[in-house]
Amino acid sequence: MSASAFSHKPHTGRQAASATSRRSFPLTPYLFLTPYFLLTIVFFLYPLFYATILSFYQTNGPTRKVFVGLANFRFILSDPDFHIALRNTLLYTILSVTTQVPVALALALLLNARRDKLKSFFRLAVFAPNLVGSIFVGILFSVLFVPRYGLVNRTLQSLTHHGLLIAWLNEPSLIMPALLLASLWMYVGFNMIYFLAALQSIDASLIEAARIDGATPIKVFWHVTLPSIRPVTTFVVVMGTIGSLQLFELPYAMLRGFGPKNAALTIVGYLYQYAFQSGDLGTGAAVGWILTLLILGASLLQLRFLNRGQS
Amino acid sequence: MDYPFGKAAFWILILALLSGIGVAALNRSHRVHRPDLVFLTYTSDHANVYAPLIHKFERDHHVTVDLEVVDLAALQERLTAAFQVHAEVPDLVELGVVLMGSATKGPLEDVGFWDLTDKIHTAHLDDQLVSARFAGFSSRGHIFALPHDVHPVMLLYRADLLAKLHIDPSQLTTWDDFTRIGRQVTKDIDGDGIIDRYMINLPDDSHDGLQMLLLQKGISLFDPMGNVSFDTPDAAETLCWYVRQTEGATRISFNAQGQQNLCRCMIDGLCLFYICPDWRSRQFQLDVPSLSGKLALMPLPAWSPGQRRTSTWGATGLAITKACQHKDLAWQLAMSLYYDKNQLGPRFEATNILPPLKAAWTNPAYDQPRTFFSNQPIGRLYANLAPFVPSDYANPYTSIAQAKLRDAYLNTKLYYRDHPNADLMPIALDQLHSAAASIRQIQSRNVLLETAH
């Protein structure tokens with residue numbers, strides 16, 4: 001900061017008094033923080049507290065409720081549909097994170113290597129799907145995956161002479177690949193931007209030194225690039241995991257429901273069914289708590305694993 | 001005067017104050033100018049028909065009526081939430097059976113709709129309307145909405161293609177006849193290994209087709225008392241039939257997912273027959289005008305000779321909320337919109353939707369030949385089937401039951417794919433039993449409903 005920043009006109013006596021009084025009781029920061037705290041209390045802490053209470057009730061909306069103790073949790077944990085939702089969510093999370101992170105990194109490396117003017121165009125092109133909502137992406141892919149008339153099947157047919165009648169969204173075994181494809185298209189650009197920013201911030205002299213020492217491009221990537229972007233990788237993996245565990249609107253829009261044999265039912269979808277379609281907020285709240293614990297556990301585990309040995 | 005926290009904070013405060021005043025003023029103005037009746041519907045097709053009638057009603061009764069169109073999914077969820085928290089709700093609402101089911105999940109006193117049972121009896125509407133149509137809007141013997149339609153189901157077919165294939169649709173009187181011919185015409189015409197012509201378009205990704213065929217047999221997902229009622233040998237037989245028509249070497253159907261693909265499929269002549277409730281005939285008229293004069297309607301084939309030749313698909317009703325301040329006025333508006341005989345002729349011409357008021361069917365509009373449908377009087381065709389439309393009972397668990405039915409179908413289909421020569425009946429019955437058992441288990445959790453009995 002330059003000295004001129006401090007060289008305004010001298011304080012008047014009144015301003016000086018005000019400054020002194022503010023020093024003695026620093027009200028201003030609290031005033032600025034008040035809206036945040038109010039919003040947090042009203043829209044986060046109170047719902048959290050109330051959801052905990054609700055999870056022990058069976059409800060028909062918030063006004064009609066009957067205390068059922070742990071029955072909601074017992075029901076959820078023994079419900080085959082919840083098991084399906086849990087399995088789908090975990091499977092999607094593992095597959096989506098393990099496909100998206102390498103693809104996003106690969107794209108970022110490709111873009112980082114380019115020096116021409118098309119770099120910005122490619123960056124925008126890859127990032128653009130993230131600008132549209134997941135509902136739009138869901139509807140778009142539901143049209144692309146239609147048997148006989150859909151673009152995906154038409155392309156497959158013209159390339160391989162097979163696949164025209166593949167019912168992507170009607171075969172339980174094909175729904176997950178279709179979802180992964182759609183989510184890859186949508187989110188890979190978002191993660192790529194993080195990696196690109198991290199790659200651009202690597203000290204070029206480190207790479208140069210490694211090259212002078214005779215390191216191959218693969219060794220440079222493995223021993224210099226990857227460790228340098230480790231914090232961003234951790235961030236992308238953790239955020240990707242949290243987002244994936246909360247998957248709902250993409251499959252719901254793509255399949256206009258949860259698909260045959262609940263192949264696209266996720267934990268949030270299960271919560272939505274009970275809390276908002278059936279009006280049973282108690283069961284919904286219990287599902288919400290199970291999901292919260294799941295996200296917390298997964299995030300802590302990942303942070304511990306990914307940060308191991310970093311110090 | 002200097003604001004002590006700087007200009008940015010000052011302007012934020014000013015904006016916050018102005019916004020607050022604006023919101024408060026708008027809210028007050030909304031309350032002051034609330035119309036006498038607020039009416040929500042979920043389709044602009046209905047709204048367009050109602051708008052001139054509502055203007056007339058406003059003039060005749062010196063009242064104001066606000067007509068709004070809200071997407072069905074949004075309407076269902078917002079209304080359910082509004083009932084639950086006692087928030088402001090409209091006076092009249094057009095709704096489907098799913099919303100009626102979820103609205104009746106708890107004790108009767110919690111239902112947010114006005115109980116119309118006595119009004120309906122007093123007005124003798126139960127005699128004048130197709131009685132089966134009350135089933136979708138009733139719970140525990142109480143009627144909460146007036147039926148808007150009958151929605152009989154027929155088969156729409158490509159008359160030009162059938163003529164070329166020398167198929168006489170009048171001979172397809174049973175599903176056995178239909179499938180026999182279907183196996184002959186479903187074939188790969190150009191020898192590229194892909195079937196180029198199917199007998200019928202049947203949905204295999206939802207409950208719709210199967211549920212409609214179960215209803216044709218008189219099997220509703222739930223009985224009037226709310227008990228699950230689709231795990232019977234008769235239902236299993238239908239399930240087996242459906243599986244065989246949608247899978248493997250016996251397949252005669254194609255599923256064109258979505259309306260656009262369905263239209264493409266019709267234009268291409270990929271399928272010869274299409275399930276066609278009255279509301280869908282209008283969609284086809286709008287979406288495939290190029291097929292005008294090439295399409296015609298016939299009743300559904302019966303399961304056995306002499307049995308029912310129709311079913312039903314969908315239902316809309318008009319409910320008056322308990323919160324409505326002018327219930328009698330709302331009732332009068334409902335009567336004028338739904339059961340004014342003079343309006344129902346032109347309305348059929350505009351929508352192709354058959355009203356449940358039997359007296360309306362004598363209007364000449366129902367006998368009008370339609371060029372699009374090869375000059376058939378489609379109003380008369382649907383009206384002739386209307387008295388035989390089955391009852392489809394509303395239930396809070398309808399959505400879950402539909403999903404379970406679809407899964408039972410899919411599991412049976414997967415089994416059939418691997419065991420094409422096996423006896424499907426035990427598998428189908430087992431699947432239906434399993435689906436019904438899981439619904440019963442969910443029903444048994446509803447302590448709110450139990451305490452209400």
# chains A, B, ... in the order shown; residues from 1 in each chain; ligands from 1
call {"tool": "interface_residues", "arguments": {"of": "chain A", "to": "chain B", "cutoff": "8 Å", "atoms": "only C-alpha atoms", "output": "ChimeraX atom specification"}}
result
/A:28,58-63,65-66,146-147,149,170,259-261,276-279
call {"tool": "write_last_selection", "arguments": {"atoms": "C-alpha atoms", "output": "PDB file, in the first residue's frame"}}
result
ATOM      1  CA  THR A  28     -18.897  -2.055  13.025  1.00  0.00           C
ATOM      2  CA  GLN A  58     -43.908 -39.336  11.360  1.00  0.00           C
ATOM      3  CA  THR A  59     -45.464 -36.340   9.679  1.00  0.00           C
ATOM      4  CA  ASN A  60     -48.054 -35.316   7.169  1.00  0.00           C
ATOM      5  CA  GLY A  61     -46.604 -31.884   6.644  1.00  0.00           C
ATOM      6  CA  PRO A  62     -45.137 -29.950   9.547  1.00  0.00           C
ATOM      7  CA  THR A  63     -48.384 -29.492  11.453  1.00  0.00           C
ATOM      8  CA  LYS A  65     -46.934 -35.309  13.520  1.00  0.00           C
ATOM      9  CA  VAL A  66     -46.721 -38.388  15.714  1.00  0.00           C
ATOM     10  CA  VAL A 146     -33.639 -42.325 -27.395  1.00  0.00           C
ATOM     11  CA  PRO A 147     -33.617 -45.669 -29.247  1.00  0.00           C
ATOM     12  CA  TYR A 149     -34.130 -41.776 -33.371  1.00  0.00           C
ATOM     13  CA  ASN A 170     -34.739 -48.325 -20.078  1.00  0.00           C
ATOM     14  CA  GLY A 259     -35.727 -45.288 -13.912  1.00  0.00           C
ATOM     15  CA  PRO A 260     -36.600 -48.964 -14.094  1.00  0.00           C
ATOM     16  CA  LYS A 261     -35.717 -50.941 -10.960  1.00  0.00           C
ATOM     17  CA  PHE A 276     -41.823 -33.738  -0.811  1.00  0.00           C
ATOM     18  CA  GLN A 277     -43.851 -36.260  -2.793  1.00  0.00           C
ATOM     19  CA  SER A 278     -45.332 -38.070   0.201  1.00  0.00           C
ATOM     20  CA  GLY A 279     -45.211 -35.144   2.631  1.00  0.00           C
TER      21      GLY A 279
END
call {"tool": "select_by_dssp", "arguments": {"residues": "stretch 248-426 of chain B", "states": "alpha helix (DSSP H)", "output": "MDAnalysis selection string"}}
result
chainID B and resid 259:268 278:287 327:338 341:351 378:385 398:418 424:426
call {"tool": "residues_around", "arguments": {"residues": "B:Lys341", "least_positions_apart": "6", "cutoff": "8 Å", "atoms": "only C-alpha atoms", "output": "VMD selection string"}}
result
chain B and resid 357 359 to 360
call {"tool": "atom_distance", "arguments": {"atom1": "atom CA of A:Gly284", "atom2": "atom CA of A:Leu90"}}
result
19.1 Å
call {"tool": "residues_around", "arguments": {"residues": "stretch 240-242 of chain B", "least_positions_apart": "6", "cutoff": "12 Å", "atoms": "only C-alpha atoms", "output": "ChimeraX atom specification"}}
result
/B:175-176,178-179,200,202-204,207-214,233-234,248,250-253,303,406,408-416,420,422-432
call {"tool": "residues_around", "arguments": {"residues": "B:Leu172", "least_positions_apart": "3", "cutoff": "12 Å", "atoms": "only C-alpha atoms", "output": "list in words"}}
result
Leu155, Tyr157, Leu162, Ile167, Asp168, Pro169, Trp175, Asp176, Asp177, Phe178, Thr179, Arg180, Ile181, Gly182, Phe273, Met298, Pro299, Leu300, Pro301, Ala302, Trp303, Ser304, Pro305 and Arg309 of chain B
call {"tool": "write_last_selection", "arguments": {"atoms": "C-alpha atoms", "output": "PDB file, in the first residue's frame"}}
result
ATOM      1  CA  LEU B 155     -56.605 -47.655 -30.686  1.00  0.00           C
ATOM      2  CA  TYR B 157     -54.228 -46.890 -36.496  1.00  0.00           C
ATOM      3  CA  LEU B 162     -53.657 -51.400 -42.875  1.00  0.00           C
ATOM      4  CA  ILE B 167     -55.868 -55.991 -42.469  1.00  0.00           C
ATOM      5  CA  ASP B 168     -59.474 -55.389 -41.502  1.00  0.00           C
ATOM      6  CA  PRO B 169     -59.454 -53.661 -38.090  1.00  0.00           C
ATOM      7  CA  TRP B 175     -56.139 -59.235 -28.044  1.00  0.00           C
ATOM      8  CA  ASP B 176     -55.516 -62.787 -29.246  1.00  0.00           C
ATOM      9  CA  ASP B 177     -56.596 -61.761 -32.758  1.00  0.00           C
ATOM     10  CA  PHE B 178     -54.497 -58.665 -32.447  1.00  0.00           C
ATOM     11  CA  THR B 179     -51.287 -60.441 -31.431  1.00  0.00           C
ATOM     12  CA  ARG B 180     -51.777 -63.133 -34.089  1.00  0.00           C
ATOM     13  CA  ILE B 181     -51.861 -60.503 -36.831  1.00  0.00           C
ATOM     14  CA  GLY B 182     -49.172 -58.553 -34.988  1.00  0.00           C
ATOM     15  CA  PHE B 273     -51.426 -48.992 -33.942  1.00  0.00           C
ATOM     16  CA  MET B 298     -61.154 -48.478 -33.234  1.00  0.00           C
ATOM     17  CA  PRO B 299     -62.117 -49.786 -29.788  1.00  0.00           C
ATOM     18  CA  LEU B 300     -59.493 -51.725 -27.857  1.00  0.00           C
ATOM     19  CA  PRO B 301     -59.623 -55.451 -28.575  1.00  0.00           C
ATOM     20  CA  ALA B 302     -61.290 -57.287 -25.687  1.00  0.00           C
ATOM     21  CA  TRP B 303     -59.487 -59.744 -23.417  1.00  0.00           C
ATOM     22  CA  SER B 304     -62.242 -62.259 -24.192  1.00  0.00           C
ATOM     23  CA  PRO B 305     -65.081 -62.076 -26.722  1.00  0.00           C
ATOM     24  CA  ARG B 309     -63.476 -52.780 -25.326  1.00  0.00           C
TER      25      ARG B 309
END
call {"tool": "closest_residue", "arguments": {"among": "A:Gln100, A:Gln246, A:Ser78, A:Thr241", "to": "A:Asn191", "atoms": "only C-alpha atoms"}}
result
A:Gln100
call {"tool": "atom_distance", "arguments": {"atom1": "atom CA of B:Val389", "atom2": "atom CA of B:Gln259"}}
result
24.9 Å
call {"tool": "atom_distance", "arguments": {"atom1": "atom CA of B:Leu37", "atom2": "atom CA of B:Asp91"}}
result
5.8 Å
call {"tool": "residues_around", "arguments": {"residues": "B:Val130", "least_positions_apart": "5", "cutoff": "8 Å", "atoms": "only C-alpha atoms", "output": "list in words"}}
result
Val150, Pro356, Leu357, Lys358, Ala386 and Pro387 of chain B
call {"tool": "residues_around", "arguments": {"residues": "A:Arg230", "least_positions_apart": "5", "cutoff": "10 Å", "atoms": "only C-alpha atoms", "output": "number ranges by chain"}}
result
A: 195, 198, 225, 235-236, 306-307, 310
call {"tool": "select_by_dssp", "arguments": {"residues": "stretch 62-240 of chain B", "states": "strand (DSSP E)", "output": "PDB file with C-alpha atoms, in the first residue's frame"}}
result
ATOM      1  CA  VAL B  65     -62.006 -14.458 -10.996  1.00  0.00           C
ATOM      2  CA  ASP B  66     -58.287 -14.863 -11.461  1.00  0.00           C
ATOM      3  CA  LEU B  67     -57.378 -17.748 -13.787  1.00  0.00           C
ATOM      4  CA  GLU B  68     -53.766 -18.931 -13.602  1.00  0.00           C
ATOM      5  CA  VAL B  69     -51.842 -21.694 -15.344  1.00  0.00           C
ATOM      6  CA  LEU B  92     -60.418 -23.751  -7.145  1.00  0.00           C
ATOM      7  CA  VAL B  93     -57.813 -26.139  -8.479  1.00  0.00           C
ATOM      8  CA  GLU B  94     -57.704 -28.528 -11.411  1.00  0.00           C
ATOM      9  CA  LEU B  95     -55.768 -31.578 -10.378  1.00  0.00           C
ATOM     10  CA  SER B 138     -62.596 -39.969  -3.632  1.00  0.00           C
ATOM     11  CA  SER B 139     -61.166 -41.110  -0.349  1.00  0.00           C
ATOM     12  CA  HIS B 142     -65.862 -38.848   0.381  1.00  0.00           C
ATOM     13  CA  ILE B 143     -65.654 -37.040  -2.966  1.00  0.00           C
ATOM     14  CA  LEU B 146     -65.635 -32.938  -9.763  1.00  0.00           C
ATOM     15  CA  PRO B 147     -64.523 -35.073 -12.703  1.00  0.00           C
ATOM     16  CA  VAL B 153     -59.084 -45.379 -24.562  1.00  0.00           C
ATOM     17  CA  MET B 154     -59.204 -46.509 -28.191  1.00  0.00           C
ATOM     18  CA  LEU B 155     -56.605 -47.655 -30.686  1.00  0.00           C
ATOM     19  CA  LEU B 156     -55.489 -45.221 -33.360  1.00  0.00           C
ATOM     20  CA  TYR B 157     -54.228 -46.890 -36.496  1.00  0.00           C
ATOM     21  CA  ARG B 158     -52.670 -46.021 -39.833  1.00  0.00           C
ATOM     22  CA  TYR B 198     -44.225 -53.147 -35.568  1.00  0.00           C
ATOM     23  CA  MET B 199     -47.855 -53.834 -34.879  1.00  0.00           C
ATOM     24  CA  ILE B 200     -48.235 -51.371 -32.012  1.00  0.00           C
ATOM     25  CA  ASN B 201     -46.485 -48.678 -30.021  1.00  0.00           C
TER      26      ASN B 201
END
